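Novice: Coordinates in query04.pdb, PDB, C-alpha atoms and all ligand atoms, are listed below.
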```pdb
ATOM      1  CA  MET A   1     -54.178  34.708  96.647
ATOM      2  CA  ASP A   2     -55.952  33.326  99.661
ATOM      3  CA  ARG A   3     -58.741  30.944  98.939
ATOM      4  CA  ILE A   4     -62.106  32.341  99.807
ATOM      5  CA  PHE A   5     -63.732  30.800 102.798
ATOM      6  CA  LEU A   6     -67.403  31.118 102.381
ATOM      7  CA  ASN A   7     -69.679  32.148 105.137
ATOM      8  CA  PRO A   8     -72.793  29.980 104.719
ATOM      9  CA  ILE A   9     -75.164  32.869 105.361
ATOM     10  CA  GLN A  10     -73.714  34.908 102.517
ATOM     11  CA  VAL A  11     -73.554  32.057 100.089
ATOM     12  CA  LYS A  12     -76.203  31.826  97.446
ATOM     13  CA  GLU A  13     -76.037  28.347  96.027
ATOM     14  CA  MET A  14     -76.496  27.579  92.366
ATOM     15  CA  LYS A  15     -76.859  31.153  91.316
ATOM     16  CA  ARG A  16     -75.759  32.021  87.810
ATOM     17  CA  LYS A  17     -76.434  35.718  87.456
ATOM     18  CA  VAL A  18     -75.501  38.374  89.958
ATOM     19  CA  ASN A  19     -77.215  41.721  90.125
ATOM     20  CA  LEU A  20     -74.363  44.113  90.870
ATOM     21  CA  ASN A  21     -76.776  46.790  92.090
ATOM     22  CA  GLU A  22     -77.656  44.573  95.034
ATOM     23  CA  ILE A  23     -74.119  44.678  96.380
ATOM     24  CA  THR A  24     -73.545  47.265  99.072
ATOM     25  CA  ALA A  25     -70.206  48.817  99.993
ATOM     26  CA  LYS A  26     -70.602  47.274 103.430
ATOM     27  CA  GLU A  27     -70.436  43.639 102.515
ATOM     28  CA  PRO A  28     -69.071  41.714  99.552
ATOM     29  CA  LEU A  29     -71.316  39.236  97.800
ATOM     30  CA  LYS A  30     -70.081  35.668  97.768
ATOM     31  CA  VAL A  31     -71.402  33.022  95.461
ATOM     32  CA  LYS A  32     -70.428  29.407  95.083
ATOM     33  CA  THR A  33     -71.967  27.533  92.222
ATOM     34  CA  GLU A  34     -71.452  25.186  89.330
ATOM     35  CA  ILE A  35     -71.692  26.228  85.690
ATOM     36  CA  GLN A  36     -72.817  23.663  83.153
ATOM     37  CA  PRO A  37     -70.964  23.506  79.827
ATOM     38  CA  SER A  38     -74.274  23.971  77.985
ATOM     39  CA  VAL A  39     -74.558  27.584  79.192
ATOM     40  CA  MET A  40     -70.980  28.487  78.275
ATOM     41  CA  ASN A  41     -69.998  29.717  74.880
ATOM     42  CA  LEU A  42     -66.579  28.145  74.387
ATOM     43  CA  PRO A  43     -64.870  28.105  70.984
ATOM     44  CA  LYS A  44     -65.431  24.636  69.526
ATOM     45  CA  GLU A  45     -62.223  24.708  67.448
ATOM     46  CA  GLU A  46     -60.141  24.933  70.587
ATOM     47  CA  ILE A  47     -62.258  23.294  73.230
ATOM     48  CA  SER A  48     -64.039  20.183  72.043
ATOM     49  CA  ARG A  49     -65.637  19.416  75.411
ATOM     50  CA  SER A  50     -65.919  20.774  78.902
ATOM     51  CA  SER A  51     -66.881  19.422  82.284
ATOM     52  CA  PRO A  52     -69.163  21.437  84.557
ATOM     53  CA  PHE A  53     -67.065  24.143  86.201
ATOM     54  CA  LYS A  54     -67.062  24.934  89.897
ATOM     55  CA  VAL A  55     -66.814  28.618  90.659
ATOM     56  CA  GLU A  56     -66.390  30.523  93.889
ATOM     57  CA  ILE A  57     -66.609  34.256  93.546
ATOM     58  CA  GLU A  58     -66.502  37.297  95.782
ATOM     59  CA  ILE A  59     -67.626  40.660  94.479
ATOM     60  CA  GLN A  60     -66.871  43.807  96.403
ATOM     61  CA  LYS A  61     -68.250  47.234  95.640
ATOM     62  CA  LYS A  62     -65.559  49.912  95.290
ATOM     63  CA  PRO A  63     -65.861  53.718  95.047
ATOM     64  CA  ALA A  64     -65.679  53.147  91.292
ATOM     65  CA  GLY A  65     -66.743  49.750  90.045
ATOM     66  CA  TYR A  66     -66.207  46.375  91.646
ATOM     67  CA  GLN A  67     -63.407  44.055  92.698
ATOM     68  CA  VAL A  68     -64.042  40.523  91.537
ATOM     69  CA  LYS A  69     -62.051  37.595  92.802
ATOM     70  CA  GLY A  70     -62.451  33.888  93.049
ATOM     71  CA  HIS A  71     -61.537  30.497  91.777
ATOM     72  CA  ILE A  72     -62.642  28.177  88.988
ATOM     73  CA  SER A  73     -61.993  24.484  88.568
ATOM     74  CA  GLY A  74     -62.947  21.936  85.954
ATOM     75  CA  GLU A  75     -61.694  20.140  82.909
ATOM     76  CA  VAL A  76     -61.665  20.917  79.198
ATOM     77  CA  GLU A  77     -60.763  18.749  76.252
ATOM     78  CA  LEU A  78     -58.135  20.310  73.992
ATOM     79  CA  THR A  79     -56.398  19.232  70.829
ATOM     80  CA  CYS A  80     -52.649  18.726  71.021
ATOM     81  CA  SER A  81     -50.916  21.244  68.736
ATOM     82  CA  ARG A  82     -48.271  18.651  67.888
ATOM     83  CA  CYS A  83     -49.922  15.287  67.394
ATOM     84  CA  LEU A  84     -53.540  16.524  67.092
ATOM     85  CA  LYS A  85     -54.733  14.056  69.688
ATOM     86  CA  LYS A  86     -57.461  15.166  72.053
ATOM     87  CA  PHE A  87     -56.541  15.331  75.695
ATOM     88  CA  LYS A  88     -57.948  16.514  79.013
ATOM     89  CA  HIS A  89     -56.628  19.740  80.430
ATOM     90  CA  HIS A  90     -57.315  20.506  84.059
ATOM     91  CA  VAL A  91     -58.135  24.094  84.966
ATOM     92  CA  ASP A  92     -57.688  25.179  88.561
ATOM     93  CA  GLN A  93     -57.354  28.899  88.524
ATOM     94  CA  ASP A  94     -57.578  31.893  90.835
ATOM     95  CA  PHE A  95     -58.694  35.197  89.408
ATOM     96  CA  ASP A  96     -58.755  38.753  90.684
ATOM     97  CA  TYR A  97     -59.760  41.748  88.613
ATOM     98  CA  LYS A  98     -61.619  45.033  88.664
ATOM     99  CA  ILE A  99     -64.757  45.969  86.806
ATOM    100  CA  LEU A 100     -64.809  49.682  86.035
ATOM    101  CA  PRO A 101     -67.523  51.709  84.314
ATOM    102  CA  THR A 102     -66.584  52.657  80.738
ATOM    103  CA  SER A 103     -66.635  56.330  81.786
ATOM    104  CA  GLU A 104     -63.338  55.610  83.557
ATOM    105  CA  ILE A 105     -61.601  54.916  80.240
ATOM    106  CA  ALA A 106     -61.585  58.601  79.330
ATOM    107  CA  GLY A 107     -60.212  59.580  82.722
ATOM    108  CA  GLY A 108     -56.713  58.464  81.844
ATOM    109  CA  GLU A 109     -56.149  57.605  85.474
ATOM    110  CA  ILE A 110     -55.780  53.906  84.865
ATOM    111  CA  LYS A 111     -52.382  52.668  85.881
ATOM    112  CA  GLY A 112     -50.782  49.348  86.527
ATOM    113  CA  SER A 113     -51.634  46.287  84.547
ATOM    114  CA  ASP A 114     -54.660  46.851  82.352
ATOM    115  CA  LEU A 115     -55.182  43.129  82.132
ATOM    116  CA  ASP A 116     -56.600  43.230  85.614
ATOM    117  CA  ILE A 117     -59.265  45.710  84.605
ATOM    118  CA  LYS A 118     -62.407  45.023  82.696
ATOM    119  CA  PHE A 119     -64.535  47.909  81.484
ATOM    120  CA  SER A 120     -68.246  47.277  81.588
ATOM    121  CA  ASP A 121     -71.453  49.158  82.375
ATOM    122  CA  GLU A 122     -73.541  46.048  82.733
ATOM    123  CA  THR A 123     -75.388  45.682  85.992
ATOM    124  CA  VAL A 124     -75.718  41.919  85.773
ATOM    125  CA  LEU A 125     -72.690  39.698  86.045
ATOM    126  CA  ASP A 126     -73.244  36.364  84.322
ATOM    127  CA  LEU A 127     -71.092  33.793  86.089
ATOM    128  CA  ALA A 128     -71.129  31.580  83.008
ATOM    129  CA  GLU A 129     -69.344  34.393  81.189
ATOM    130  CA  VAL A 130     -66.890  34.858  84.038
ATOM    131  CA  VAL A 131     -65.967  31.179  83.922
ATOM    132  CA  GLU A 132     -65.778  31.223  80.136
ATOM    133  CA  GLU A 133     -63.401  34.192  80.170
ATOM    134  CA  GLN A 134     -61.196  32.638  82.807
ATOM    135  CA  ILE A 135     -60.967  29.366  80.903
ATOM    136  CA  LEU A 136     -59.963  31.201  77.736
ATOM    137  CA  LEU A 137     -57.458  33.428  79.532
ATOM    138  CA  ASN A 138     -55.747  30.389  80.951
ATOM    139  CA  LEU A 139     -55.640  28.178  77.898
ATOM    140  CA  PRO A 140     -52.131  27.182  76.850
ATOM    141  CA  VAL A 141     -51.033  29.035  73.694
ATOM    142  CA  LYS A 142     -49.801  25.772  72.211
ATOM    143  CA  PRO A 143     -51.611  22.941  73.909
ATOM    144  CA  VAL A 144     -49.435  19.852  74.169
ATOM    145  CA  CYS A 145     -50.837  16.491  75.263
ATOM    146  CA  SER A 146     -47.757  15.124  77.035
ATOM    147  CA  ASP A 147     -44.111  15.787  77.869
ATOM    148  CA  GLU A 148     -43.062  13.347  75.160
ATOM    149  CA  CYS A 149     -44.967  15.337  72.584
ATOM    150  CA  LYS A 150     -43.314  18.522  73.832
ATOM    151  CA  GLU A 151     -39.787  17.149  73.468
ATOM    152  CA  VAL A 152     -39.955  15.488  70.110
ATOM    153  CA  HIS A 153     -40.313  18.444  67.805
ATOM    154  CA  TYR A 154     -37.227  19.740  66.056
ATOM    155  CA  THR A 155     -39.116  22.606  64.414
ATOM    156  CA  GLU A 156     -39.541  24.503  67.675
ATOM    157  CA  TRP A 157     -37.036  27.173  66.700
ATOM    158  CA  THR A 158     -38.835  28.130  63.494
ATOM    159  CA  GLU A 159     -42.084  28.614  65.339
ATOM    160  CA  GLU A 160     -40.509  30.892  67.850
ATOM    161  CA  SER A 161     -38.067  32.757  65.628
ATOM    162  CA  GLY A 162     -40.605  35.536  65.227
ATOM    163  CA  SER A 163     -40.733  35.496  61.461
ATOM    164  CA  LYS A 164     -44.280  36.232  60.367
ATOM    165  CA  GLU A 165     -43.865  34.365  57.124
ATOM    166  CA  VAL A 166     -42.915  31.207  58.944
ATOM    167  CA  ASP A 167     -45.795  31.691  61.355
ATOM    168  CA  LYS A 168     -48.265  32.049  58.521
ATOM    169  CA  ARG A 169     -47.106  28.849  56.940
ATOM    170  CA  TRP A 170     -47.444  27.150  60.245
ATOM    171  CA  GLU A 171     -51.002  28.352  60.536
ATOM    172  CA  LYS A 172     -51.743  27.019  57.056
ATOM    173  CA  LEU A 173     -50.268  23.681  57.965
ATOM    174  CA  LYS A 174     -52.338  23.577  61.100
ATOM    175  CA  GLU A 175     -55.514  24.387  59.180
ATOM    176  CA  PHE A 176     -54.646  21.741  56.658
ATOM    177  CA  LYS A 177     -54.063  19.148  59.329
ATOM    178  CA  ASN A 178     -57.285  20.051  61.055
ATOM    179  CA  LYS A 179     -59.155  19.735  57.788
ATOM    180  CA  LEU A 180     -57.666  16.331  57.141
ATOM    181  CA  LYS A 181     -58.717  15.281  60.560
ATOM    182  CA  LYS A 182     -62.316  16.308  60.085
ATOM    183  CA  GLU A 183     -62.682  14.448  56.801
TER
HETATM  184 ZN    ZN B 201     -49.530  15.345  71.456
END
```
Can you turn what I pasted into C-alpha cells?

Specialist:
Amino acid sequence: MDRIFLNPIQVKEMKRKVNLNEITAKEPLKVKTEIQPSVMNLPKEEISRSSPFKVEIEIQKKPAGYQVKGHISGEVELTCSRCLKKFKHHVDQDFDYKILPTSEIAGGEIKGSDLDIKFSDETVLDLAEVVEEQILLNLPVKPVCSDECKEVHYTEWTEESGSKEVDKRWEKLKEFKNKLKKE
C-alpha cells in the first residue's frame, strides 16, 4: 500500500476521536496523531508495556460505510514464548479495511475476505481503539525473543502436530511457567 502523504490543511493534529458523520463523500478525512499507551486497553498478559504509537489514518466515506486505511508504528514489550524473557517488538504496520453498518450483515452480499471488513454502527471512531486492534492483529502467535531462541527447541513438532491434547498440555505448562515467574 502506498504511504499516505498528508496534506497539511486536511491534517488535524493530536486528534483521538473522529466523528464519522463529519466526513463527506467528497473528501477523505486524514488524521495524524500519537496515541499514548495509557488510553489503550492492551492485554497485560501479552503486552507488558507499550510505547506511544504514531498513527496516520485516512477515512473515506463510501456508498455504504467507510474505507479506513493508514499506518501505525511503535514498540511493545512481549514475553518470549520459549525462554519467558521480556523483549521489545517493533510494530510498523499498514492497515486497510472497511467499516460497514451492521445492517449489511443480513444482506449476504459480503464477498472476499471478511477480515478486511468490520461491522459497526458507531459514529465515532476512537483512534486509540484502531491502534489497539492493529497491534493485536499483528502480534506474533508465538513471540520469540531472538533467532537463537527460535532454533533451539526440539519440541516444535509436538506443538504444531495439531493434536489438541498436546496443545492443552502445552497451555498448562505455559500457565505454570508464567505462575512461577510471577511468584
Ligand atoms: Zn527467548

Novice: At a cut-off of 6 Å, using only C-alpha atoms, what residues contact range 21-28 of chain A? Leave out same-chain residues fewer than 4 positions from it and give the result as a PDB file with C-alpha atoms, keeping the file's coordinate frame.

Specialist:
```
ATOM      1  CA  ILE A  59     -67.626  40.660  94.479  1.00  0.00           C
ATOM      2  CA  GLN A  60     -66.871  43.807  96.403  1.00  0.00           C
ATOM      3  CA  LYS A  61     -68.250  47.234  95.640  1.00  0.00           C
TER       4      LYS A  61
END
```

Novice: In Å to one decimal, how far is CA of Met40 in chain A from CA of Lys85 in chain A?

Specialist: 23.4 Å

Novice: Check every protein, DNA and RNA residue against ligand ZN 201 (chain B), keep those with an atom at most 9 Å away (counting only C-alpha atoms and all ligand atoms), and present them as a PyMOL selection string.

Specialist: chain A and resi 79-87+143-150

Novice: How many Å lie between CA of Ile47 in chain A and CA of Gln67 in chain A, rounded to one decimal?

Specialist: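 Atom-to-atom, CA of Ile47 in chain A to CA of Gln67 in chain A, that is 28.5 Å.
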
Novice: Mind giving me the straight-line distance from CA of Gly70 in chain A to CA of Ile99 in chain A in Å, one decimal?

Specialist: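 Separation of CA of Gly70 in chain A and CA of Ile99 in chain A: 13.8 Å.
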
Novice: Report as a list in words the residues that result from applying the PyMOL selection byres (((chain A and resi 101) around 6) and not hetatm) to the structure here.

Specialist: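 Selected by the PyMOL selection byres (((chain A and resi 101) around 6) and not hetatm) in this file: Leu100, Thr102, Ser103, Glu104, Phe119, Ser120 and Asp121 of chain A.
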
Novice: A:Val68, A:Ile57, A:Leu42, A:Val91: which is nearest Lys30 in chain A, counting all atoms listed in the file?

Specialist: A:Ile57

Novice: Counting all atoms listed in the file, what is within 10 Å of Val39 in chain A, bar same-chain residues fewer than 2 positions away, as an NGL selection string?

Specialist: :A and (16 or 35-37 or 41-42 or 52 or 127-129 or 132)

Novice: Carefully work through the PyMOL selection byres (((chain A and resi 54) around 9) and not hetatm) for this structure and note down the residues it includes, as a list in words.

Specialist: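 With the shown file as input, the PyMOL selection byres (((chain A and resi 54) around 9) and not hetatm) matches Lys32, Thr33, Glu34, Ile35, Gln36, Pro52, Phe53, Val55, Glu56, His71, Ile72, Ser73, Gly74 and Val131 of chain A.
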
Novice: Taking the partial coordinates given, rebuild range 17-41 of chain A to contain N, CA and C atoms; return it as a compact mmCIF listing (two decimals), keeping the file's coordinate frame.

Specialist:
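So part_25.txt came out as:
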```
# COMPACT_ATOMS: atom_id res chain seq x y z
N LYS A 17 -76.56 34.30 87.79
CA LYS A 17 -76.43 35.72 87.46
C LYS A 17 -76.48 36.56 88.72
N VAL A 18 -75.59 37.53 88.78
CA VAL A 18 -75.50 38.37 89.96
C VAL A 18 -75.91 39.79 89.58
N ASN A 19 -76.84 40.34 90.33
CA ASN A 19 -77.22 41.72 90.12
C ASN A 19 -76.26 42.61 90.92
N LEU A 20 -75.40 43.32 90.20
CA LEU A 20 -74.36 44.11 90.87
C LEU A 20 -74.96 45.24 91.72
N ASN A 21 -76.14 45.70 91.33
CA ASN A 21 -76.78 46.79 92.09
C ASN A 21 -77.17 46.37 93.51
N GLU A 22 -77.26 45.06 93.71
CA GLU A 22 -77.66 44.57 95.03
C GLU A 22 -76.49 44.56 96.02
N ILE A 23 -75.28 44.77 95.50
CA ILE A 23 -74.12 44.68 96.38
C ILE A 23 -73.87 46.04 97.03
N THR A 24 -73.79 46.02 98.35
CA THR A 24 -73.54 47.26 99.07
C THR A 24 -72.06 47.38 99.39
N ALA A 25 -71.61 48.60 99.67
CA ALA A 25 -70.21 48.82 99.99
C ALA A 25 -69.83 48.11 101.29
N LYS A 26 -70.82 47.87 102.12
CA LYS A 26 -70.60 47.27 103.43
C LYS A 26 -70.07 45.85 103.36
N GLU A 27 -70.68 45.08 102.47
CA GLU A 27 -70.44 43.64 102.52
C GLU A 27 -70.29 43.06 101.11
N PRO A 28 -69.21 42.32 100.87
CA PRO A 28 -69.07 41.71 99.55
C PRO A 28 -70.10 40.59 99.35
N LEU A 29 -70.42 40.34 98.11
CA LEU A 29 -71.32 39.24 97.80
C LEU A 29 -70.48 38.01 97.46
N LYS A 30 -70.82 36.90 98.06
CA LYS A 30 -70.08 35.67 97.77
C LYS A 30 -71.02 34.64 97.18
N VAL A 31 -70.59 34.05 96.11
CA VAL A 31 -71.40 33.02 95.46
C VAL A 31 -70.53 31.81 95.18
N LYS A 32 -71.11 30.66 95.41
CA LYS A 32 -70.43 29.41 95.08
C LYS A 32 -71.41 28.60 94.26
N THR A 33 -71.02 28.24 93.07
CA THR A 33 -71.97 27.53 92.22
C THR A 33 -71.24 26.67 91.20
N GLU A 34 -72.03 26.01 90.37
CA GLU A 34 -71.45 25.19 89.33
C GLU A 34 -72.07 25.61 88.01
N ILE A 35 -71.22 25.79 87.00
CA ILE A 35 -71.69 26.23 85.69
C ILE A 35 -71.63 25.05 84.72
N GLN A 36 -72.75 24.77 84.10
CA GLN A 36 -72.82 23.66 83.15
C GLN A 36 -72.22 24.08 81.80
N PRO A 37 -71.56 23.15 81.12
CA PRO A 37 -70.96 23.51 79.83
C PRO A 37 -71.99 24.01 78.81
N SER A 38 -73.24 23.57 78.94
CA SER A 38 -74.27 23.97 77.98
C SER A 38 -74.56 25.47 78.02
N VAL A 39 -74.29 26.14 79.13
CA VAL A 39 -74.56 27.58 79.19
C VAL A 39 -73.32 28.42 78.88
N MET A 40 -72.19 27.75 78.63
CA MET A 40 -70.98 28.49 78.28
C MET A 40 -70.84 28.53 76.76
N ASN A 41 -70.16 29.55 76.31
CA ASN A 41 -70.00 29.72 74.88
C ASN A 41 -68.51 29.60 74.54
```
